[in-house]
file my_file26.pdb (PDB, C-alpha atoms)
MODEL        1
ATOM      1  CA  MET K   1       7.477 -67.159   9.729
ATOM      2  CA  ASP K   2       5.891 -64.403  11.781
ATOM      3  CA  GLU K   3       2.603 -64.946  13.619
ATOM      4  CA  ARG K   4       0.489 -62.707  11.318
ATOM      5  CA  ARG K   5       1.613 -64.575   8.203
ATOM      6  CA  LEU K   6       0.856 -67.943   9.792
ATOM      7  CA  TYR K   7      -2.557 -66.684  10.917
ATOM      8  CA  LEU K   8      -3.325 -65.367   7.418
ATOM      9  CA  ILE K   9      -2.328 -68.668   5.864
ATOM     10  CA  LEU K  10      -4.546 -70.606   8.260
ATOM     11  CA  ALA K  11      -7.474 -68.191   7.910
ATOM     12  CA  GLY K  12      -7.224 -67.507   4.185
ATOM     13  CA  GLY K  13      -5.884 -70.673   2.636
ATOM     14  CA  ALA K  14      -4.175 -70.645  -0.754
ATOM     15  CA  ALA K  15      -5.186 -67.090  -1.634
ATOM     16  CA  ALA K  16      -3.459 -65.823   1.507
ATOM     17  CA  VAL K  17      -0.287 -67.766   0.708
ATOM     18  CA  VAL K  18      -0.126 -66.193  -2.745
ATOM     19  CA  ALA K  19      -0.880 -62.720  -1.347
ATOM     20  CA  ILE K  20       1.807 -63.005   1.338
ATOM     21  CA  ALA K  21       4.310 -64.312  -1.177
ATOM     22  CA  LEU K  22       3.554 -61.487  -3.609
ATOM     23  CA  ILE K  23       3.835 -58.913  -0.838
ATOM     24  CA  ASP K  24       7.226 -60.348   0.123
ATOM     25  CA  LEU K  25       8.371 -60.048  -3.484
ATOM     26  CA  VAL K  26       7.134 -56.459  -3.867
ATOM     27  CA  VAL K  27       8.177 -55.007  -0.504
ATOM     28  CA  GLY K  28      10.814 -57.543   0.441
ATOM     29  CA  GLY K  29      10.483 -60.146   3.133
ATOM     30  CA  GLY K  30      12.444 -59.958   6.270
ATOM     31  CA  GLY K  31      13.943 -62.101   8.902
ATOM     32  CA  GLU K  32      15.072 -65.645   8.521
ATOM     33  CA  ASP K  33      12.253 -66.782   6.227
ATOM     34  CA  ALA K  34      12.716 -64.164   3.472
ATOM     35  CA  ALA K  35      14.320 -66.567   1.014
ATOM     36  CA  PRO K  36      11.568 -69.220   1.136
ATOM     37  CA  ALA K  37       8.884 -66.555   0.670
ATOM     38  CA  THR K  38      10.690 -65.216  -2.379
ATOM     39  CA  THR K  39      10.987 -68.744  -3.762
ATOM     40  CA  THR K  40       7.257 -69.300  -3.219
ATOM     41  CA  THR K  41       6.534 -66.016  -4.977
ATOM     42  CA  THR K  42       8.604 -67.026  -7.965
ATOM     43  CA  VAL K  43       6.664 -70.276  -8.274
ATOM     44  CA  ALA K  44       3.307 -68.527  -7.842
ATOM     45  CA  ALA K  45       4.220 -65.808 -10.341
ATOM     46  CA  THR K  46       5.409 -68.372 -12.850
ATOM     47  CA  THR K  47       2.257 -70.423 -12.458
ATOM     48  CA  THR K  48       0.076 -67.337 -12.823
ATOM     49  CA  SER K  49       1.927 -65.941 -15.829
ATOM     50  CA  THR K  50       1.972 -69.252 -17.731
ATOM     51  CA  ALA K  51      -1.639 -70.201 -17.092
ATOM     52  CA  PRO K  52      -3.593 -70.867 -20.285
ATOM     53  CA  GLY K  53      -6.123 -68.333 -21.433
ATOM     54  CA  PRO K  54      -6.242 -64.973 -23.125
ATOM     55  CA  THR K  55      -3.846 -62.438 -21.677
ATOM     56  CA  THR K  56      -5.954 -59.462 -22.727
ATOM     57  CA  THR K  57      -8.647 -60.211 -20.118
ATOM     58  CA  ALA K  58      -6.271 -60.874 -17.230
ATOM     59  CA  ALA K  59      -6.367 -58.373 -14.399
ATOM     60  CA  PRO K  60      -3.271 -56.226 -13.935
ATOM     61  CA  PRO K  61      -0.876 -57.794 -11.398
ATOM     62  CA  ASP K  62      -1.281 -54.850  -9.009
ATOM     63  CA  LYS K  63      -5.069 -55.245  -8.966
ATOM     64  CA  GLU K  64      -4.789 -58.966  -8.242
ATOM     65  CA  LEU K  65      -2.291 -58.322  -5.466
ATOM     66  CA  HIS K  66      -4.402 -55.605  -3.856
ATOM     67  CA  ASP K  67      -7.533 -57.733  -4.107
ATOM     68  CA  LEU K  68      -5.802 -60.744  -2.536
ATOM     69  CA  VAL K  69      -4.599 -58.610   0.359
ATOM     70  CA  ALA K  70      -8.132 -57.308   0.988
ATOM     71  CA  GLN K  71      -9.540 -60.844   0.803
ATOM     72  CA  ALA K  72      -6.940 -62.128   3.273
ATOM     73  CA  ASP K  73      -7.696 -59.267   5.676
ATOM     74  CA  VAL K  74     -11.435 -59.974   5.505
ATOM     75  CA  ARG K  75     -10.899 -63.687   6.150
ATOM     76  CA  THR K  76      -8.591 -62.911   9.078
ATOM     77  CA  ALA K  77     -11.168 -60.523  10.539
ATOM     78  CA  LEU K  78     -13.867 -63.190  10.291
ATOM     79  CA  ALA K  79     -11.565 -65.659  12.046
ATOM     80  CA  ALA K  80     -11.146 -63.152  14.898
ATOM     81  CA  MET K  81     -14.921 -62.714  15.060
ATOM     82  CA  LYS K  82     -15.332 -66.509  15.248
ATOM     83  CA  ILE K  83     -12.989 -66.618  18.236
ATOM     84  CA  ALA K  84     -15.137 -63.971  19.931
ATOM     85  CA  TYR K  85     -18.259 -65.981  19.043
ATOM     86  CA  ARG K  86     -16.866 -69.046  20.818
ATOM     87  CA  ASP K  87     -16.300 -66.977  23.956
ATOM     88  CA  ARG K  88     -19.644 -65.135  23.905
ATOM     89  CA  ALA K  89     -22.063 -67.282  21.796
ATOM     90  CA  ARG K  90     -22.663 -64.223  19.598
ATOM     91  CA  TYR K  91     -20.651 -62.318  17.024
ATOM     92  CA  PRO K  92     -19.406 -58.880  18.084
ATOM     93  CA  SER K  93     -20.356 -55.672  16.318
ATOM     94  CA  ASP K  94     -17.890 -53.639  18.394
ATOM     95  CA  PRO K  95     -14.577 -53.303  16.491
ATOM     96  CA  ALA K  96     -12.643 -53.336  19.786
ATOM     97  CA  VAL K  97     -13.420 -57.039  20.268
ATOM     98  CA  PRO K  98     -11.705 -58.419  17.136
ATOM     99  CA  GLN K  99      -9.035 -55.708  17.490
ATOM    100  CA  GLY K 100      -8.042 -57.301  20.802
ATOM    101  CA  ILE K 101      -7.844 -60.696  19.113
ATOM    102  CA  GLU K 102      -6.132 -59.579  15.892
ATOM    103  CA  PRO K 103      -4.100 -56.426  16.596
ATOM    104  CA  GLY K 104      -2.413 -56.641  13.182
ATOM    105  CA  LEU K 105      -5.567 -55.315  11.490
ATOM    106  CA  GLN K 106      -7.439 -52.062  11.907
ATOM    107  CA  PHE K 107     -11.198 -52.427  12.405
ATOM    108  CA  ALA K 108     -14.147 -50.087  11.941
ATOM    109  CA  PRO K 109     -17.890 -50.628  12.413
ATOM    110  CA  GLY K 110     -20.224 -51.187   9.479
ATOM    111  CA  ILE K 111     -19.827 -52.481   5.937
ATOM    112  CA  ALA K 112     -17.224 -51.224   3.454
ATOM    113  CA  THR K 113     -18.331 -48.760   0.777
ATOM    114  CA  ASN K 114     -16.666 -47.044  -2.181
ATOM    115  CA  SER K 115     -15.748 -44.198   0.135
ATOM    116  CA  GLY K 116     -14.364 -46.590   2.766
ATOM    117  CA  VAL K 117     -10.783 -46.341   3.909
ATOM    118  CA  VAL K 118      -8.369 -48.796   2.279
ATOM    119  CA  GLY K 119      -6.632 -50.804   4.995
ATOM    120  CA  LEU K 120      -9.577 -50.873   7.383
ATOM    121  CA  VAL K 121     -11.658 -53.985   7.840
ATOM    122  CA  TYR K 122     -15.278 -53.171   8.528
ATOM    123  CA  ILE K 123     -17.227 -55.534  10.783
ATOM    124  CA  ASP K 124     -20.893 -55.874  11.568
ATOM    125  CA  ALA K 125     -23.177 -58.430  13.180
ATOM    126  CA  SER K 126     -26.897 -59.098  13.085
ATOM    127  CA  ALA K 127     -29.007 -57.882  16.029
ATOM    128  CA  ASP K 128     -29.178 -61.411  17.437
ATOM    129  CA  GLY K 129     -25.403 -61.896  17.048
ATOM    130  CA  GLN K 130     -25.791 -65.015  14.872
ATOM    131  CA  VAL K 131     -24.534 -63.459  11.608
ATOM    132  CA  ALA K 132     -21.079 -61.917  11.194
ATOM    133  CA  CYS K 133     -19.932 -59.736   8.299
ATOM    134  CA  ALA K 134     -16.405 -58.581   7.540
ATOM    135  CA  SER K 135     -15.673 -56.378   4.539
ATOM    136  CA  ALA K 136     -12.916 -54.245   3.081
ATOM    137  CA  ARG K 137     -12.140 -51.970   0.172
ATOM    138  CA  SER K 138      -9.150 -53.085  -1.864
ATOM    139  CA  ARG K 139      -6.578 -50.574  -3.033
ATOM    140  CA  SER K 140      -7.881 -51.429  -6.528
ATOM    141  CA  GLY K 141     -11.279 -50.048  -5.484
ATOM    142  CA  GLU K 142     -13.087 -53.408  -5.428
ATOM    143  CA  LEU K 143     -15.140 -54.253  -2.347
ATOM    144  CA  PHE K 144     -15.080 -57.664  -0.641
ATOM    145  CA  LEU K 145     -17.441 -59.079   1.967
ATOM    146  CA  ILE K 146     -17.553 -62.402   3.764
ATOM    147  CA  LYS K 147     -20.537 -63.410   5.871
ATOM    148  CA  GLU K 148     -20.930 -66.272   8.352
ATOM    149  CA  VAL K 149     -24.503 -67.292   9.153
ATOM    150  CA  THR K 150     -24.837 -69.675  12.110
ATOM    151  CA  ALA K 151     -28.634 -69.989  12.257
ATOM    152  CA  GLY K 152     -31.671 -69.546  10.023
ATOM    153  CA  ASP K 153     -32.701 -70.872   6.621
ATOM    154  CA  GLN K 154     -29.336 -70.259   4.897
ATOM    155  CA  PRO K 155     -26.527 -71.170   7.348
ATOM    156  CA  GLY K 156     -22.972 -71.167   6.068
ATOM    157  CA  MET K 157     -20.359 -68.849   4.649
ATOM    158  CA  TRP K 158     -21.343 -66.376   1.928
ATOM    159  CA  PHE K 159     -19.340 -63.964  -0.213
ATOM    160  CA  ALA K 160     -19.870 -60.735  -2.149
ATOM    161  CA  ARG K 161     -17.551 -58.581  -4.233
ATOM    162  CA  GLY K 162     -17.899 -55.702  -6.619
ATOM    163  CA  ALA K 163     -18.539 -51.982  -6.644
ATOM    164  CA  ILE K 164     -21.459 -52.253  -4.204
ATOM    165  CA  LEU K 165     -21.955 -54.584  -1.249
ATOM    166  CA  PRO K 166     -25.150 -55.506   0.602
ATOM    167  CA  THR K 167     -25.910 -52.854   3.209
ATOM    168  CA  GLN K 168     -27.261 -55.201   5.893
ATOM    169  CA  CYS K 169     -25.515 -57.935   7.828
ATOM    170  CA  ASP K 170     -28.381 -60.423   7.830
ATOM    171  CA  ASP K 171     -28.974 -64.093   7.034
ATOM    172  CA  THR K 172     -29.622 -63.484   3.323
ATOM    173  CA  ALA K 173     -27.607 -65.890   1.160
ATOM    174  CA  LEU K 174     -25.020 -64.354  -1.175
ATOM    175  CA  GLN K 175     -22.553 -66.127  -3.487
ATOM    176  CA  PRO K 176     -20.775 -69.369  -2.505
ATOM    177  CA  SER K 177     -17.361 -67.827  -3.318
ATOM    178  CA  TRP K 178     -15.675 -64.684  -4.582
TER     179      TRP K 178
ENDMDL
END

call {"tool": "encode", "arguments": {"input": "my_file26.pdb", "output": "structure tokens"}}
result
Amino acid sequence: MDERRLYLILAGGAAAVVAIALIDLVVGGGGEDAAPATTTTTVAATTTSTAPGPTTTAAPPDKELHDLVAQADVRTALAAMKIAYRDRARYPSDPAVPQGIEPGLQFAPGIATNSGVVGLVYIDASADGQVACASARSRSGELFLIKEVTAGDQPGMWFARGAILPTQCDDTALQPSW
């Protein structure tokens, strides 16, 4: 398993595992671990396709895949920002900092918008460096944001998704999950 995949699994949990497995199925794995990834994908695809519920409201497989990739990238970016926080006692707003920690992603300053570039992860931090935001635009067009608040009235991890994201990286509480 290559280092980026392991990092995504650790940073993103189950969603990252499914996203990596689906990517391996679509674009083909590589190296010595290609067969296990394909096996995992088959299990994940079977579980997803046989889940109870109406099939007419299910998202198209491509949308789900693209959204999972964006979510995994955002989680990985936040993990890189947390590493920087441990070194500096403040989250970075300079994209070069997490880029040096996670060279497998491309970073830009700010918060993702509908006109944002797919494949970039946008990062921002509060003025005091105690709030970190990482966001991305999925290939499906959906926007994803994850926010870590270390101090204030609403500490914790917060999430936002949709066509519009909050424009400020501050300590305002969002949703508890995507």

call {"tool": "resolve_selection", "arguments": {"input": "my_file26.pdb", "expression": "the PyMOL selection byres ((chain K and resi 98-105) around 8)", "output": "PyMOL selection string"}}
result
chain K and resi 4+73+76-77+80-81+83-84+92+94-97+106-107+119-121

call {"tool": "resolve_selection", "arguments": {"input": "my_file26.pdb", "expression": "the PyMOL selection byres ((chain K and resi 116) around 12)", "output": "list in words"}}
result
Phe107, Ala108, Pro109, Gly110, Ile111, Ala112, Thr113, Asn114, Ser115, Val117, Val118, Gly119, Leu120, Val121, Tyr122, Ser135, Ala136, Arg137, Ser138, Arg139, Gly141, Glu142, Leu143, Phe144, Ala163, Ile164 and Leu165 of chain K

call {"tool": "atom_distance", "arguments": {"input": "my_file26.pdb", "atom1": "CA of Trp158 (chain K)", "atom2": "CA of Asp87 (chain K)"}}
result
22.6 Å

call {"tool": "closest_residue", "arguments": {"input": "my_file26.pdb", "among": "K:Ile146, K:Ala151, K:Ala173, K:Leu65", "to": "Gly129 (chain K)", "atoms": "only C-alpha atoms"}}
result
K:Ala151

call {"tool": "closest_residue", "arguments": {"input": "my_file26.pdb", "among": "K:Ala160, K:Ile123, K:Leu174, K:Val149", "to": "Ser93 (chain K)", "atoms": "all atoms listed in the file"}}
result
K:Ile123

call {"tool": "closest_residue", "arguments": {"input": "my_file26.pdb", "among": "K:Asp153, K:Glu148, K:Glu64, K:Asp128", "to": "Arg90 (chain K)", "atoms": "all atoms listed in the file"}}
result
K:Asp128

call {"tool": "atom_distance", "arguments": {"input": "my_file26.pdb", "atom1": "CA of Gln175 (chain K)", "atom2": "CA of Leu145 (chain K)"}}
result
10.3 Å

call {"tool": "atom_distance", "arguments": {"input": "my_file26.pdb", "atom1": "CA of Gln154 (chain K)", "atom2": "CA of Ala125 (chain K)"}}
result
15.7 Å

call {"tool": "closest_residue", "arguments": {"input": "my_file26.pdb", "among": "K:Arg75, K:Ser126, K:Ser140, K:Lys82", "to": "Pro61 (chain K)", "atoms": "all atoms listed in the file"}}
result
K:Ser140
